[in-house]
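**Student:** Below is coords_4.cif; it holds mmCIF, C-alpha atoms.
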```cif
data_my_file
loop_
_atom_site.label_atom_id
_atom_site.label_comp_id
_atom_site.auth_asym_id
_atom_site.auth_seq_id
_atom_site.Cartn_x
_atom_site.Cartn_y
_atom_site.Cartn_z
CA MET A 16 42.38 302.28 86.73
CA GLN A 17 42.68 301.49 83.05
CA ASN A 18 43.18 297.85 82.15
CA LYS A 19 46.02 297.06 79.71
CA ALA A 20 43.50 295.04 77.67
CA ASP A 21 41.61 298.29 77.02
CA THR A 22 44.64 299.91 75.39
CA VAL A 23 45.82 299.33 71.85
CA ILE A 24 48.82 300.76 70.08
CA ILE A 25 47.97 302.82 67.02
CA TYR A 26 50.53 303.91 64.45
CA ASP A 27 49.52 307.21 62.91
CA ASN A 28 52.41 307.61 60.43
CA SER A 29 54.20 310.07 62.70
CA LYS A 30 54.28 308.67 66.19
CA GLU A 31 53.04 305.85 68.39
CA ASN A 32 49.92 306.60 70.40
CA LYS A 33 48.20 304.54 73.06
CA ILE A 34 44.46 305.03 72.97
CA ARG A 35 41.41 303.31 74.38
CA LYS A 36 39.68 300.69 72.26
CA GLY A 37 36.83 302.13 70.26
CA SER A 38 38.24 305.64 70.16
CA ALA A 39 40.54 305.03 67.21
CA MET A 40 39.71 307.12 64.18
CA ARG A 41 36.81 309.11 65.64
CA GLY A 42 37.11 312.54 64.11
CA ASP A 43 40.76 312.06 63.11
CA ASN A 44 40.40 313.13 59.50
CA ASN A 45 44.11 314.02 59.32
CA SER A 46 45.22 310.40 59.42
CA PHE A 47 45.96 308.35 56.33
CA GLY A 48 43.65 305.54 57.40
CA PHE A 49 40.67 307.81 57.94
CA TYR A 50 41.25 309.53 54.60
CA LEU A 51 41.62 306.21 52.77
CA LYS A 52 38.35 304.96 54.24
CA GLU A 53 36.63 308.25 53.37
CA LEU A 54 37.83 308.00 49.75
CA ARG A 55 36.87 304.31 49.53
CA LEU A 56 33.34 304.98 50.78
CA LYS A 57 33.00 308.03 48.53
CA ALA A 58 33.95 305.81 45.56
CA GLY A 59 31.21 303.36 46.59
CA PHE A 60 33.40 300.41 47.58
CA GLY A 61 32.77 298.10 50.49
CA LEU A 62 35.82 297.00 52.47
CA ARG A 63 35.98 293.41 51.18
CA ARG A 64 35.24 294.37 47.58
CA PHE A 65 37.91 297.06 47.57
CA ALA A 66 40.45 294.79 49.29
CA SER A 67 39.85 292.19 46.59
CA LEU A 68 40.22 294.82 43.86
CA ILE A 69 43.63 295.93 45.17
CA GLU A 70 44.67 292.35 45.99
CA MET A 71 45.00 292.87 49.73
CA LYS A 72 43.53 290.92 52.64
CA ALA A 73 40.44 292.67 53.97
CA SER A 74 41.83 292.42 57.50
CA ASN A 75 45.00 294.25 56.44
CA LEU A 76 43.00 296.99 54.72
CA CYS A 77 40.88 297.34 57.86
CA ASP A 78 44.03 297.65 59.99
CA ILE A 79 45.38 300.33 57.63
CA GLU A 80 42.13 302.27 57.76
CA HIS A 81 42.25 302.16 61.56
CA ASN A 82 45.94 303.14 61.64
CA ARG A 83 47.03 299.87 63.19
CA ARG A 84 49.21 299.04 60.18
CA SER A 85 51.23 301.15 57.76
CA ILE A 86 50.40 301.03 54.08
CA PRO A 87 53.03 299.25 51.99
CA LYS A 88 54.37 301.77 49.45
CA GLU A 89 53.81 299.45 46.51
CA TYR A 90 50.04 299.68 47.12
CA LEU A 91 49.78 303.47 47.05
CA GLU A 92 49.55 304.15 43.31
CA PRO A 93 47.27 301.18 42.57
CA ILE A 94 44.95 302.27 45.40
CA ALA A 95 44.95 305.89 44.22
CA GLU A 96 44.13 304.76 40.69
CA ALA A 97 41.44 302.31 41.87
CA LEU A 98 39.84 305.18 43.79
CA GLY A 99 39.86 307.28 40.62
CA LEU A 100 42.18 309.95 42.02
CA GLU A 101 43.53 312.19 39.30
CA LYS A 102 47.30 312.67 39.33
CA GLU A 103 48.35 316.03 40.79
CA SER A 104 44.82 316.73 42.04
CA ALA A 105 44.33 317.96 45.60
CA GLU A 106 43.00 314.51 46.59
CA TRP A 107 45.98 312.73 44.98
CA ASN A 108 48.46 315.01 46.75
CA ARG A 109 46.71 314.71 50.12
CA PHE A 110 46.57 310.91 49.76
CA PHE A 111 50.34 310.69 49.26
CA GLU A 112 51.16 313.34 51.87
CA LEU A 113 49.16 311.53 54.54
CA SER A 114 50.69 308.16 53.60
CA ARG A 115 54.24 309.22 54.41
CA LYS A 116 56.02 308.72 57.69
CA THR A 117 57.67 311.60 59.51
CA ASP A 118 60.83 312.84 57.76
CA GLU A 119 60.06 310.78 54.68
CA LEU A 120 59.12 311.93 51.21
CA PRO A 121 55.70 310.90 49.91
CA ALA A 122 56.00 307.79 47.70
CA ASP A 123 55.06 309.62 44.50
CA VAL A 124 57.72 312.28 45.16
CA GLU A 125 60.37 309.63 45.99
CA LYS A 126 59.79 308.23 42.52
CA ILE A 127 60.11 311.67 40.89
CA VAL A 128 63.31 312.53 42.76
CA ARG A 129 65.03 309.59 41.04
CA ARG A 130 64.69 311.32 37.66
CA LYS A 131 67.97 312.39 36.13
CA PHE A 132 67.85 316.17 36.68
CA VAL A 133 65.53 316.52 39.67
CA PRO A 134 68.30 316.41 42.31
CA ALA A 135 70.18 319.10 40.36
CA LEU A 136 66.99 321.17 40.16
CA LEU A 137 66.44 320.91 43.91
CA ARG A 138 70.05 321.82 44.67
CA THR A 139 69.80 324.81 42.32
CA ILE A 140 66.65 326.02 44.05
CA ASP A 141 68.44 325.73 47.36
CA ASN A 142 71.71 327.32 46.13
CA VAL A 143 70.04 330.39 44.66
CA GLN A 144 67.79 330.57 47.70
CA LEU A 145 64.48 330.84 45.89
CA THR A 146 61.71 332.03 48.19
CA ASP A 147 58.46 330.13 48.51
CA ASP A 148 56.86 332.78 46.31
CA ASP A 149 59.56 332.22 43.65
CA ILE A 150 58.96 328.47 43.75
CA LYS A 151 55.18 329.00 43.52
CA ARG A 152 55.70 331.21 40.42
CA LEU A 153 57.95 328.55 38.88
CA ILE A 154 55.26 325.92 39.48
CA ASP A 155 52.58 328.21 38.03
CA ASP A 156 54.73 328.85 34.95
CA ILE A 157 55.26 325.13 34.39
CA GLN A 158 51.60 324.25 34.96
CA GLY A 159 50.53 327.14 32.75
CA GLY A 160 52.09 325.38 29.79
CA LYS A 161 55.01 327.72 29.40
CA THR A 162 58.01 325.94 28.01
CA ILE A 163 61.39 326.44 29.50
CA ASN A 164 64.10 326.68 26.89
CA ALA A 165 67.43 325.57 28.34
CA LYS A 166 69.33 327.17 25.43
CA SER A 167 69.56 330.94 25.27
CA SER A 168 69.09 332.47 21.84
#
```
Show how you would write the structure in this file as structure tokens.
**Tutor:**
Amino acid sequence: MQNKADTVIIYDNSKENKIRKGSAMRGDNNSFGFYLKELRLKAGFGLRRFASLIEMKASNLCDIEHNRRSIPKEYLEPIAEALGLEKESAEWNRFFELSRKTDELPADVEKIVRRKFVPALLRTIDNVQLTDDDIKRLIDDIQGGKTINAKSS
């Protein structure tokens, strides 16, 4: 029979899981904590050095990397920047996607949604029922440097 002392509660940004000690994080590369640790190591930072750089207790960073603690939103952009993630890169987007809780917008998107016309844009997309392909083309047009002229000639 499993002893309660051998069970820890892990928060994985979407649900609460009980798992055996020592099994946390093994092979779970879809968790925020695992990805953060992977990026930190790839950037060449030790845990204590990186914690100091982002002004966080090393024990808290360790808990975040092992999914025992959620990442405070105010740390996300400074961490992404300290890791050298380029805005809108695949790594940047994955970092923010994994950091969010279920039914919550990623922190970088929450910030964007507060812009003056973004809610209207999202409602328009919904009202005219753009398909995913239509939205992808719109994104490609914007990223391709095409300017959108709001005034018709």
**Student:** Nearest to Glu53 (chain A) among A:Glu96, A:Glu125, A:Glu80, A:Glu70, with distances taken over all atoms listed in the file: which residue is it?
**Tutor:**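 Smallest distance to Glu53 (chain A) is found for A:Glu80.
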**Student:** Expanded to explicit residues, what is the PyMOL selection byres ((chain A and resi 115) around 12) for this file, as a PyMOL selection string?
**Tutor:** chain A and resi 26-30+46-48+85-88+91+108-114+116-125
**Student:** Create the file for the chosen residues now, containing C-alpha atoms and written as a PDB file, in the frame of the given file.
**Tutor:**
```
ATOM      1  CA  TYR A  26      50.530 303.910  64.450  1.00  0.00           C
ATOM      2  CA  ASP A  27      49.520 307.210  62.910  1.00  0.00           C
ATOM      3  CA  ASN A  28      52.410 307.610  60.430  1.00  0.00           C
ATOM      4  CA  SER A  29      54.200 310.070  62.700  1.00  0.00           C
ATOM      5  CA  LYS A  30      54.280 308.670  66.190  1.00  0.00           C
ATOM      6  CA  SER A  46      45.220 310.400  59.420  1.00  0.00           C
ATOM      7  CA  PHE A  47      45.960 308.350  56.330  1.00  0.00           C
ATOM      8  CA  GLY A  48      43.650 305.540  57.400  1.00  0.00           C
ATOM      9  CA  SER A  85      51.230 301.150  57.760  1.00  0.00           C
ATOM     10  CA  ILE A  86      50.400 301.030  54.080  1.00  0.00           C
ATOM     11  CA  PRO A  87      53.030 299.250  51.990  1.00  0.00           C
ATOM     12  CA  LYS A  88      54.370 301.770  49.450  1.00  0.00           C
ATOM     13  CA  LEU A  91      49.780 303.470  47.050  1.00  0.00           C
ATOM     14  CA  ASN A 108      48.460 315.010  46.750  1.00  0.00           C
ATOM     15  CA  ARG A 109      46.710 314.710  50.120  1.00  0.00           C
ATOM     16  CA  PHE A 110      46.570 310.910  49.760  1.00  0.00           C
ATOM     17  CA  PHE A 111      50.340 310.690  49.260  1.00  0.00           C
ATOM     18  CA  GLU A 112      51.160 313.340  51.870  1.00  0.00           C
ATOM     19  CA  LEU A 113      49.160 311.530  54.540  1.00  0.00           C
ATOM     20  CA  SER A 114      50.690 308.160  53.600  1.00  0.00           C
ATOM     21  CA  LYS A 116      56.020 308.720  57.690  1.00  0.00           C
ATOM     22  CA  THR A 117      57.670 311.600  59.510  1.00  0.00           C
ATOM     23  CA  ASP A 118      60.830 312.840  57.760  1.00  0.00           C
ATOM     24  CA  GLU A 119      60.060 310.780  54.680  1.00  0.00           C
ATOM     25  CA  LEU A 120      59.120 311.930  51.210  1.00  0.00           C
ATOM     26  CA  PRO A 121      55.700 310.900  49.910  1.00  0.00           C
ATOM     27  CA  ALA A 122      56.000 307.790  47.700  1.00  0.00           C
ATOM     28  CA  ASP A 123      55.060 309.620  44.500  1.00  0.00           C
ATOM     29  CA  VAL A 124      57.720 312.280  45.160  1.00  0.00           C
ATOM     30  CA  GLU A 125      60.370 309.630  45.990  1.00  0.00           C
TER      31      GLU A 125
END
```
**Student:** Given the point (46.7, 303.8, 40.5) in the file's coordinates, find the residues that have an atom at most 12 Å from it, counting all atoms listed in the file, and give them as a list in words.
**Tutor:**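 It turns out the residues near that spot are Leu68, Ile69, Lys88, Glu89, Tyr90, Leu91, Glu92, Pro93, Ile94, Ala95, Glu96, Ala97, Leu98, Gly99, Leu100, Glu101, Lys102, Trp107, Phe110, Phe111 and Asp123 of chain A.
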**Student:** How many Å lie between CA of Gln158 (chain A) and CA of Asn45 (chain A), rounded to one decimal?
**Tutor:**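 Taking CA of Gln158 (chain A) and CA of Asn45 (chain A), their separation equals 27.5 Å.
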**Student:** Between CA of Ala135 (chain A) and CA of Arg152 (chain A), what distance in Å does the model show, to one decimal?
**Tutor:**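 Pair CA of Ala135 (chain A) / CA of Arg152 (chain A) returns 18.9 Å.
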**Student:** By how many Å are CA of Leu137 (chain A) and CA of Ile150 (chain A) apart?
**Tutor:**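 Separation between CA of Leu137 (chain A) and CA of Ile150 (chain A): 10.6 Å.
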**Student:** Take every atom of region 144-152 of chain A listed in the file, fit an axis-aligned box around them, add 5 Å per side, and give the centre and edge lengths in Å to one decimal as JSON.
**Tutor:**
```
{"center_x": 61.5, "center_y": 330.6, "center_z": 44.5, "size_x": 22.6, "size_y": 14.3, "size_z": 18.1}
```
**Student:** Nearest residue to His81 (chain A) out of A:Arg138, A:Lys52, A:Lys57, A:Arg130, using all atoms listed in the file?
**Tutor:**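 Closest to His81 (chain A) of all the choices is A:Lys52.
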**Student:** Which residues come within 12 Å of Leu62 (chain A), counting all atoms listed in the file, excluding same-chain residues fewer than 5 positions away, as a list in words?
**Tutor:**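 These residues fall inside the cut-off: Leu51, Lys52, Glu53, Leu54, Arg55, Leu56, Ser67, Leu68, Ile69, Glu70, Met71, Lys72, Ala73, Ser74, Asn75, Leu76, Cys77, Asp78, Ile79 and Glu80 of chain A.
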